[in-house]
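Text of target-v8.pdb, listed as PDB, C-alpha atoms:
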ATOM      1  CA  MET A   1    -279.494 -81.607  47.824  1.00  0.00           C
ATOM      2  CA  HIS A   2    -281.356 -83.799  45.340  1.00  0.00           C
ATOM      3  CA  LYS A   3    -280.380 -81.540  42.399  1.00  0.00           C
ATOM      4  CA  THR A   4    -276.659 -81.868  43.114  1.00  0.00           C
ATOM      5  CA  GLY A   5    -276.859 -85.652  43.404  1.00  0.00           C
ATOM      6  CA  THR A   6    -278.903 -85.922  40.214  1.00  0.00           C
ATOM      7  CA  LEU A   7    -276.514 -83.606  38.372  1.00  0.00           C
ATOM      8  CA  ALA A   8    -273.469 -85.574  39.521  1.00  0.00           C
ATOM      9  CA  LEU A   9    -275.033 -88.862  38.393  1.00  0.00           C
ATOM     10  CA  THR A  10    -276.045 -87.332  35.053  1.00  0.00           C
ATOM     11  CA  LEU A  11    -272.518 -86.044  34.467  1.00  0.00           C
ATOM     12  CA  LEU A  12    -271.092 -89.467  35.338  1.00  0.00           C
ATOM     13  CA  ALA A  13    -273.436 -91.185  32.925  1.00  0.00           C
ATOM     14  CA  VAL A  14    -272.714 -88.727  30.094  1.00  0.00           C
ATOM     15  CA  ALA A  15    -268.957 -89.003  30.616  1.00  0.00           C
ATOM     16  CA  ALA A  16    -269.142 -92.805  30.673  1.00  0.00           C
ATOM     17  CA  LEU A  17    -271.244 -92.904  27.510  1.00  0.00           C
ATOM     18  CA  LEU A  18    -269.024 -90.470  25.618  1.00  0.00           C
ATOM     19  CA  THR A  19    -265.808 -92.232  26.499  1.00  0.00           C
ATOM     20  CA  GLY A  20    -267.244 -95.720  26.063  1.00  0.00           C
ATOM     21  CA  CYS A  21    -267.794 -95.116  22.336  1.00  0.00           C
ATOM     22  CA  GLY A  22    -264.098 -94.805  21.439  1.00  0.00           C
ATOM     23  CA  SER A  23    -261.574 -97.378  20.353  1.00  0.00           C
ATOM     24  CA  GLU A  24    -259.592 -99.523  22.735  1.00  0.00           C
ATOM     25  CA  LYS A  25    -256.545 -97.783  24.167  1.00  0.00           C
ATOM     26  CA  LYS A  26    -253.220 -99.003  25.363  1.00  0.00           C
ATOM     27  CA  ASP A  27    -251.818 -97.884  28.653  1.00  0.00           C
ATOM     28  CA  ASP A  28    -248.356 -98.668  29.911  1.00  0.00           C
ATOM     29  CA  GLY A  29    -249.827-101.904  31.335  1.00  0.00           C
ATOM     30  CA  GLY A  30    -250.041-103.460  27.868  1.00  0.00           C
ATOM     31  CA  ALA A  31    -253.794-103.442  27.107  1.00  0.00           C
ATOM     32  CA  ALA A  32    -254.860-103.552  23.450  1.00  0.00           C
ATOM     33  CA  ARG A  33    -254.994-100.350  21.406  1.00  0.00           C
ATOM     34  CA  ALA A  34    -256.734-100.012  18.092  1.00  0.00           C
ATOM     35  CA  SER A  35    -254.753 -97.963  15.609  1.00  0.00           C
ATOM     36  CA  ALA A  36    -254.061 -97.804  11.915  1.00  0.00           C
ATOM     37  CA  PRO A  37    -251.369-100.250  10.783  1.00  0.00           C
ATOM     38  CA  ALA A  38    -247.948 -98.672  10.308  1.00  0.00           C
ATOM     39  CA  GLY A  39    -247.680 -97.117   6.891  1.00  0.00           C
ATOM     40  CA  SER A  40    -251.392 -97.659   6.218  1.00  0.00           C
ATOM     41  CA  GLY A  41    -251.777 -94.069   5.124  1.00  0.00           C
ATOM     42  CA  ALA A  42    -255.387 -94.003   6.333  1.00  0.00           C
ATOM     43  CA  LYS A  43    -256.647 -90.520   5.547  1.00  0.00           C
ATOM     44  CA  GLY A  44    -256.474 -88.252   8.602  1.00  0.00           C
ATOM     45  CA  LEU A  45    -254.854 -90.872  10.852  1.00  0.00           C
ATOM     46  CA  ALA A  46    -251.256 -90.801  12.015  1.00  0.00           C
ATOM     47  CA  PRO A  47    -249.570 -94.168  11.510  1.00  0.00           C
ATOM     48  CA  ASP A  48    -248.420 -95.874  14.760  1.00  0.00           C
ATOM     49  CA  ARG A  49    -246.638 -92.793  16.096  1.00  0.00           C
ATOM     50  CA  LYS A  50    -246.385 -91.905  19.727  1.00  0.00           C
ATOM     51  CA  GLY A  51    -246.249 -88.487  21.218  1.00  0.00           C
ATOM     52  CA  VAL A  52    -244.602 -87.283  24.389  1.00  0.00           C
ATOM     53  CA  ALA A  53    -245.731 -88.816  27.693  1.00  0.00           C
ATOM     54  CA  HIS A  54    -247.682 -86.304  29.802  1.00  0.00           C
ATOM     55  CA  GLN A  55    -248.029 -86.521  33.576  1.00  0.00           C
ATOM     56  CA  VAL A  56    -251.709 -85.981  34.427  1.00  0.00           C
ATOM     57  CA  VAL A  57    -252.679 -85.377  38.071  1.00  0.00           C
ATOM     58  CA  PHE A  58    -256.340 -85.650  39.096  1.00  0.00           C
ATOM     59  CA  GLU A  59    -257.277 -84.129  42.476  1.00  0.00           C
ATOM     60  CA  VAL A  60    -260.530 -84.045  44.433  1.00  0.00           C
ATOM     61  CA  GLY A  61    -260.691 -82.088  47.685  1.00  0.00           C
ATOM     62  CA  GLY A  62    -262.923 -82.276  50.707  1.00  0.00           C
ATOM     63  CA  THR A  63    -263.189 -84.674  53.618  1.00  0.00           C
ATOM     64  CA  GLY A  64    -264.883 -88.002  54.101  1.00  0.00           C
ATOM     65  CA  ALA A  65    -265.664 -90.444  51.314  1.00  0.00           C
ATOM     66  CA  ALA A  66    -267.066 -89.877  47.821  1.00  0.00           C
ATOM     67  CA  GLN A  67    -267.588 -91.612  44.504  1.00  0.00           C
ATOM     68  CA  VAL A  68    -265.101 -90.343  41.926  1.00  0.00           C
ATOM     69  CA  MET A  69    -264.916 -91.043  38.212  1.00  0.00           C
ATOM     70  CA  TRP A  70    -261.820 -90.153  36.231  1.00  0.00           C
ATOM     71  CA  ILE A  71    -260.725 -90.696  32.670  1.00  0.00           C
ATOM     72  CA  GLY A  72    -257.030 -90.811  31.884  1.00  0.00           C
ATOM     73  CA  ASN A  73    -255.649 -93.824  30.031  1.00  0.00           C
ATOM     74  CA  THR A  74    -258.897 -95.690  30.773  1.00  0.00           C
ATOM     75  CA  ASN A  75    -262.165 -95.059  32.620  1.00  0.00           C
ATOM     76  CA  HIS A  76    -262.254 -95.498  36.395  1.00  0.00           C
ATOM     77  CA  PHE A  77    -265.063 -95.226  38.953  1.00  0.00           C
ATOM     78  CA  GLU A  78    -264.554 -95.932  42.633  1.00  0.00           C
ATOM     79  CA  GLN A  79    -265.261 -94.935  46.213  1.00  0.00           C
ATOM     80  CA  VAL A  80    -262.329 -92.889  47.571  1.00  0.00           C
ATOM     81  CA  THR A  81    -261.313 -91.140  50.784  1.00  0.00           C
ATOM     82  CA  LEU A  82    -260.961 -87.370  50.398  1.00  0.00           C
ATOM     83  CA  PRO A  83    -258.759 -85.536  49.773  1.00  0.00           C
ATOM     84  CA  TRP A  84    -257.748 -87.761  46.846  1.00  0.00           C
ATOM     85  CA  THR A  85    -255.006 -87.572  44.199  1.00  0.00           C
ATOM     86  CA  LYS A  86    -254.264 -89.863  41.255  1.00  0.00           C
ATOM     87  CA  THR A  87    -251.341 -89.505  38.843  1.00  0.00           C
ATOM     88  CA  GLU A  88    -251.214 -91.165  35.423  1.00  0.00           C
ATOM     89  CA  SER A  89    -248.837 -90.980  32.498  1.00  0.00           C
ATOM     90  CA  VAL A  90    -250.763 -90.413  29.258  1.00  0.00           C
ATOM     91  CA  THR A  91    -249.099 -90.746  25.847  1.00  0.00           C
ATOM     92  CA  LEU A  92    -251.067 -89.838  22.753  1.00  0.00           C
ATOM     93  CA  GLU A  93    -250.866 -92.253  19.831  1.00  0.00           C
ATOM     94  CA  GLY A  94    -252.162 -92.479  16.291  1.00  0.00           C
ATOM     95  CA  ALA A  95    -255.152 -90.225  15.601  1.00  0.00           C
ATOM     96  CA  GLU A  96    -254.960 -88.776  19.124  1.00  0.00           C
ATOM     97  CA  LEU A  97    -251.857 -86.886  17.996  1.00  0.00           C
ATOM     98  CA  LYS A  98    -254.098 -84.884  15.669  1.00  0.00           C
ATOM     99  CA  VAL A  99    -257.403 -84.668  17.544  1.00  0.00           C
ATOM    100  CA  GLY A 100    -256.264 -84.952  21.163  1.00  0.00           C
ATOM    101  CA  HIS A 101    -257.527 -87.002  24.096  1.00  0.00           C
ATOM    102  CA  THR A 102    -259.958 -85.819  26.774  1.00  0.00           C
ATOM    103  CA  VAL A 103    -258.954 -86.354  30.408  1.00  0.00           C
ATOM    104  CA  SER A 104    -261.512 -85.635  33.109  1.00  0.00           C
ATOM    105  CA  VAL A 105    -262.515 -86.130  36.714  1.00  0.00           C
ATOM    106  CA  VAL A 106    -266.087 -86.096  38.026  1.00  0.00           C
ATOM    107  CA  PRO A 107    -266.003 -85.465  41.768  1.00  0.00           C
ATOM    108  CA  GLY A 108    -268.626 -86.856  44.100  1.00  0.00           C
ATOM    109  CA  SER A 109    -270.750 -84.725  46.393  1.00  0.00           C
ATOM    110  CA  ILE A 110    -269.663 -83.413  49.783  1.00  0.00           C
ATOM    111  CA  LYS A 111    -271.458 -81.447  52.497  1.00  0.00           C
ATOM    112  CA  ARG A 112    -271.199 -77.682  52.117  1.00  0.00           C
ATOM    113  CA  ALA A 113    -268.852 -75.928  54.535  1.00  0.00           C
ATOM    114  CA  ASP A 114    -271.578 -73.480  55.654  1.00  0.00           C
ATOM    115  CA  GLY A 115    -273.102 -76.081  58.006  1.00  0.00           C
ATOM    116  CA  SER A 116    -276.413 -76.173  56.103  1.00  0.00           C
ATOM    117  CA  GLY A 117    -276.145 -79.908  55.464  1.00  0.00           C
ATOM    118  CA  MET A 118    -276.647 -79.279  51.741  1.00  0.00           C
ATOM    119  CA  LEU A 119    -274.472 -81.099  49.236  1.00  0.00           C
ATOM    120  CA  GLN A 120    -272.229 -79.638  46.570  1.00  0.00           C
ATOM    121  CA  ALA A 121    -269.707 -81.006  44.102  1.00  0.00           C
ATOM    122  CA  ALA A 122    -266.342 -81.630  45.723  1.00  0.00           C
ATOM    123  CA  PRO A 123    -263.569 -79.339  44.468  1.00  0.00           C
ATOM    124  CA  CYS A 124    -261.543 -80.857  41.617  1.00  0.00           C
ATOM    125  CA  THR A 125    -258.493 -79.944  39.566  1.00  0.00           C
ATOM    126  CA  ILE A 126    -256.469 -81.440  36.738  1.00  0.00           C
ATOM    127  CA  LYS A 127    -252.783 -80.688  36.272  1.00  0.00           C
ATOM    128  CA  VAL A 128    -250.829 -81.622  33.145  1.00  0.00           C
ATOM    129  CA  ASP A 129    -247.047 -81.628  33.369  1.00  0.00           C
ATOM    130  CA  GLY A 130    -247.232 -79.535  36.557  1.00  0.00           C
ATOM    131  CA  LYS A 131    -249.584 -76.848  35.167  1.00  0.00           C
ATOM    132  CA  GLN A 132    -253.189 -76.605  36.383  1.00  0.00           C
ATOM    133  CA  VAL A 133    -255.431 -76.840  33.306  1.00  0.00           C
ATOM    134  CA  ALA A 134    -258.925 -77.393  34.770  1.00  0.00           C
ATOM    135  CA  ASP A 135    -260.913 -76.808  37.972  1.00  0.00           C
ATOM    136  CA  ASN A 136    -264.524 -76.478  39.107  1.00  0.00           C
ATOM    137  CA  GLN A 137    -264.033 -73.235  41.046  1.00  0.00           C
ATOM    138  CA  ASN A 138    -263.534 -74.993  44.383  1.00  0.00           C
ATOM    139  CA  GLY A 139    -266.785 -76.910  43.959  1.00  0.00           C
ATOM    140  CA  LYS A 140    -268.879 -73.806  43.181  1.00  0.00           C
ATOM    141  CA  SER A 141    -269.422 -74.975  39.602  1.00  0.00           C
ATOM    142  CA  ASP A 142    -271.453 -78.110  38.921  1.00  0.00           C
ATOM    143  CA  LYS A 143    -269.238 -78.826  35.911  1.00  0.00           C
ATOM    144  CA  LEU A 144    -266.779 -81.665  35.883  1.00  0.00           C
ATOM    145  CA  CYS A 145    -263.069 -80.968  35.462  1.00  0.00           C
ATOM    146  CA  GLU A 146    -261.974 -81.809  31.940  1.00  0.00           C
ATOM    147  CA  TYR A 147    -259.178 -80.966  29.551  1.00  0.00           C
ATOM    148  CA  GLN A 148    -258.364 -81.791  25.929  1.00  0.00           C
ATOM    149  CA  LEU A 149    -254.797 -83.118  26.004  1.00  0.00           C
ATOM    150  CA  LYS A 150    -252.850 -82.453  22.789  1.00  0.00           C
ATOM    151  CA  ASP A 151    -249.201 -82.814  21.846  1.00  0.00           C
TER     152      ASP A 151
END

Is it possible to express this structure as structure tokens?
Amino acid sequence: MHKTGTLALTLLAVAALLTGCGSEKKDDGGAARASAPAGSGAKGLAPDRKGVAHQVVFEVGGTGAAQVMWIGNTNHFEQVTLPWTKTESVTLEGAELKVGHTVSVVPGSIKRADGSGMLQAAPCTIKVDGKQVADNQNGKSDKLCEYQLKD
């Protein structure tokens, strides 16, 4: 029980640290996005181009309440009621067109269905444009659900 909780917290911390080191991003809500100026010709960076918008669906199964962290356009961490679904539109821009953008969901812990009272990771999936691209084997894997989105 303690191992699962510690692993979930470790994964949350690692995901937060890895995604917190990037540049600011713009979602459809108008937040700032750092990118190379149009026509700047910065080596390896695409000038202010946008790719196709992708519909990304994050799902966490189970019952009850759990802490969930997901990374789509921005980082989110909140207490949710399970089962839980969140849909975001993600459009790659600038350098993301070349290197991609990681989307992920870190599910909280739920009680195992075997009645033992032990905890396990809640089942999670990620779907991109209607196709399932990541899962944690119905909670049997301690890995988070993540996918490298590319145009």

*What's the 7 Å shell around range 98-104 of chain A, counting all atoms listed in the file, without same-chain residues fewer than 3 positions away, as a list in words?*
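Contacts, with the query itself left out: Trp70, Ile71, Gly72, Ala95, Cys145, Glu146, Tyr147, Gln148, Leu149 and Lys150 of chain A.
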
*In terms of the shortest atom-to-atom distance over only C-alpha atoms, which of A:Asn136, A:Thr81, A:Ser116, A:Thr91 is closest to Gly62 in chain A?*
A:Thr81

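We find CA of Gln120 in chain A and CA of Thr85 in chain A to be spaced 19.1 Å apart.
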
*Quick one: pull the distance between CA of Gly130 in chain A and CA of Gly51 in chain A, Å, one decimal.*
17.8 Å

*Where does the PyMOL selection byres ((chain A and resi 123) around 6) land in this file, that is, which residues does it pick, as a list in words?*
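Selected by the PyMOL selection byres ((chain A and resi 123) around 6) in this file: Val60, Gly61, Ala122, Cys124, Asn138 and Gly139 of chain A.
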
*For Lys50 in chain A, which residue among A:Leu119, A:Leu97, A:Ile110, A:Ala65 is the nearest when counting all atoms listed in the file?*
A:Leu97

Report as AutoDock Vina command-line options the centre and the edge lengths, in Å to one decimal, of the axis-aligned box holding every listed atom of range 108-119 of chain A, padded by 6 Å on each side.
--center_x -272.6 --center_y -80.2 --center_z 51.1 --size_x 20.0 --size_y 25.4 --size_z 25.9

_Who sits within 7 Å of range 52-59 of chain A, all atoms listed in the file, same chain under 2 positions skipped, as a PyMOL selection string_ = chain A and resi 50+61+84-91+105+124-129+151

*Can you tell me how far CA of Gly108 in chain A sits from CA of Val80 in chain A, in Å to one decimal?*
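CA of Val80 in chain A lies 9.4 Å from CA of Gly108 in chain A.
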
*Minimum-distance residue to Lys140 in chain A, chosen among A:Thr74, A:Thr63, A:Gln79, A:Ser109 (using all atoms listed in the file)*: A:Ser109

Missing atoms of range 61-91 of chain A rebuilt to N, CA and C atoms, written as a JSON list (two decimals), in the frame of the given file:
[["chain", "number", "residue", "atom", "x", "y", "z"],
["A", 61, "GLY", "N", -260.84, -82.54, 46.31],
["A", 61, "GLY", "CA", -260.69, -82.09, 47.68],
["A", 61, "GLY", "C", -261.89, -82.45, 48.54],
["A", 62, "GLY", "N", -261.83, -82.02, 49.77],
["A", 62, "GLY", "CA", -262.92, -82.28, 50.71],
["A", 62, "GLY", "C", -262.49, -83.26, 51.78],
["A", 63, "THR", "N", -263.44, -83.69, 52.58],
["A", 63, "THR", "CA", -263.19, -84.67, 53.62],
["A", 63, "THR", "C", -264.25, -85.75, 53.54],
["A", 64, "GLY", "N", -263.94, -86.89, 54.11],
["A", 64, "GLY", "CA", -264.88, -88.00, 54.10],
["A", 64, "GLY", "C", -264.66, -88.90, 52.90],
["A", 65, "ALA", "N", -265.73, -89.52, 52.44],
["A", 65, "ALA", "CA", -265.66, -90.44, 51.31],
["A", 65, "ALA", "C", -266.59, -89.94, 50.20],
["A", 66, "ALA", "N", -266.24, -90.28, 48.97],
["A", 66, "ALA", "CA", -267.07, -89.88, 47.82],
["A", 66, "ALA", "C", -266.81, -90.82, 46.66],
["A", 67, "GLN", "N", -267.77, -90.90, 45.76],
["A", 67, "GLN", "CA", -267.59, -91.61, 44.50],
["A", 67, "GLN", "C", -266.87, -90.66, 43.55],
["A", 68, "VAL", "N", -265.85, -91.16, 42.88],
["A", 68, "VAL", "CA", -265.10, -90.34, 41.93],
["A", 68, "VAL", "C", -264.95, -91.13, 40.64],
["A", 69, "MET", "N", -265.17, -90.45, 39.51],
["A", 69, "MET", "CA", -264.92, -91.04, 38.21],
["A", 69, "MET", "C", -263.84, -90.22, 37.54],
["A", 70, "TRP", "N", -262.83, -90.89, 36.97],
["A", 70, "TRP", "CA", -261.82, -90.15, 36.23],
["A", 70, "TRP", "C", -261.47, -90.91, 34.97],
["A", 71, "ILE", "N", -261.08, -90.14, 33.96],
["A", 71, "ILE", "CA", -260.73, -90.70, 32.67],
["A", 71, "ILE", "C", -259.34, -90.19, 32.33],
["A", 72, "GLY", "N", -258.40, -91.11, 32.29],
["A", 72, "GLY", "CA", -257.03, -90.81, 31.88],
["A", 72, "GLY", "C", -256.70, -91.75, 30.74],
["A", 73, "ASN", "N", -255.92, -92.79, 31.03],
["A", 73, "ASN", "CA", -255.65, -93.82, 30.03],
["A", 73, "ASN", "C", -256.88, -94.68, 29.79],
["A", 74, "THR", "N", -257.66, -94.91, 30.85],
["A", 74, "THR", "CA", -258.90, -95.69, 30.77],
["A", 74, "THR", "C", -259.90, -95.05, 31.72],
["A", 75, "ASN", "N", -261.11, -95.57, 31.74],
["A", 75, "ASN", "CA", -262.17, -95.06, 32.62],
["A", 75, "ASN", "C", -262.08, -95.74, 33.98],
["A", 76, "HIS", "N", -262.29, -94.96, 35.04],
["A", 76, "HIS", "CA", -262.25, -95.50, 36.40],
["A", 76, "HIS", "C", -263.43, -94.91, 37.17],
["A", 77, "PHE", "N", -263.98, -95.69, 38.08],
["A", 77, "PHE", "CA", -265.06, -95.23, 38.95],
["A", 77, "PHE", "C", -264.93, -95.98, 40.27],
["A", 78, "GLU", "N", -264.70, -95.24, 41.35],
["A", 78, "GLU", "CA", -264.55, -95.93, 42.63],
["A", 78, "GLU", "C", -264.85, -95.01, 43.81],
["A", 79, "GLN", "N", -265.08, -95.64, 44.94],
["A", 79, "GLN", "CA", -265.26, -94.94, 46.21],
["A", 79, "GLN", "C", -263.87, -94.59, 46.74],
["A", 80, "VAL", "N", -263.65, -93.32, 47.10],
["A", 80, "VAL", "CA", -262.33, -92.89, 47.57],
["A", 80, "VAL", "C", -262.48, -92.11, 48.88],
["A", 81, "THR", "N", -261.37, -91.98, 49.59],
["A", 81, "THR", "CA", -261.31, -91.14, 50.78],
["A", 81, "THR", "C", -260.73, -89.79, 50.37],
["A", 82, "LEU", "N", -261.40, -88.72, 50.76],
["A", 82, "LEU", "CA", -260.96, -87.37, 50.40],
["A", 82, "LEU", "C", -260.06, -86.79, 51.47],
["A", 83, "PRO", "N", -259.12, -85.92, 51.13],
["A", 83, "PRO", "CA", -258.76, -85.54, 49.77],
["A", 83, "PRO", "C", -258.10, -86.69, 49.04],
["A", 84, "TRP", "N", -258.20, -86.66, 47.69],
["A", 84, "TRP", "CA", -257.75, -87.76, 46.85],
["A", 84, "TRP", "C", -256.92, -87.22, 45.68],
["A", 85, "THR", "N", -255.85, -87.93, 45.34],
["A", 85, "THR", "CA", -255.01, -87.57, 44.20],
["A", 85, "THR", "C", -254.65, -88.84, 43.44],
["A", 86, "LYS", "N", -254.67, -88.75, 42.12],
["A", 86, "LYS", "CA", -254.26, -89.86, 41.26],
["A", 86, "LYS", "C", -253.40, -89.30, 40.14],
["A", 87, "THR", "N", -252.25, -89.93, 39.91],
["A", 87, "THR", "CA", -251.34, -89.50, 38.84],
["A", 87, "THR", "C", -251.23, -90.60, 37.80],
["A", 88, "GLU", "N", -251.36, -90.23, 36.53],
["A", 88, "GLU", "CA", -251.21, -91.16, 35.42],
["A", 88, "GLU", "C", -250.31, -90.55, 34.37],
["A", 89, "SER", "N", -249.62, -91.41, 33.65],
["A", 89, "SER", "CA", -248.84, -90.98, 32.50],
["A", 89, "SER", "C", -249.67, -91.28, 31.26],
["A", 90, "VAL", "N", -249.94, -90.25, 30.45],
["A", 90, "VAL", "CA", -250.76, -90.41, 29.26],
["A", 90, "VAL", "C", -249.93, -90.04, 28.04],
["A", 91, "THR", "N", -249.82, -90.98, 27.10],
["A", 91, "THR", "CA", -249.10, -90.75, 25.85],
["A", 91, "THR", "C", -250.09, -90.86, 24.70]]
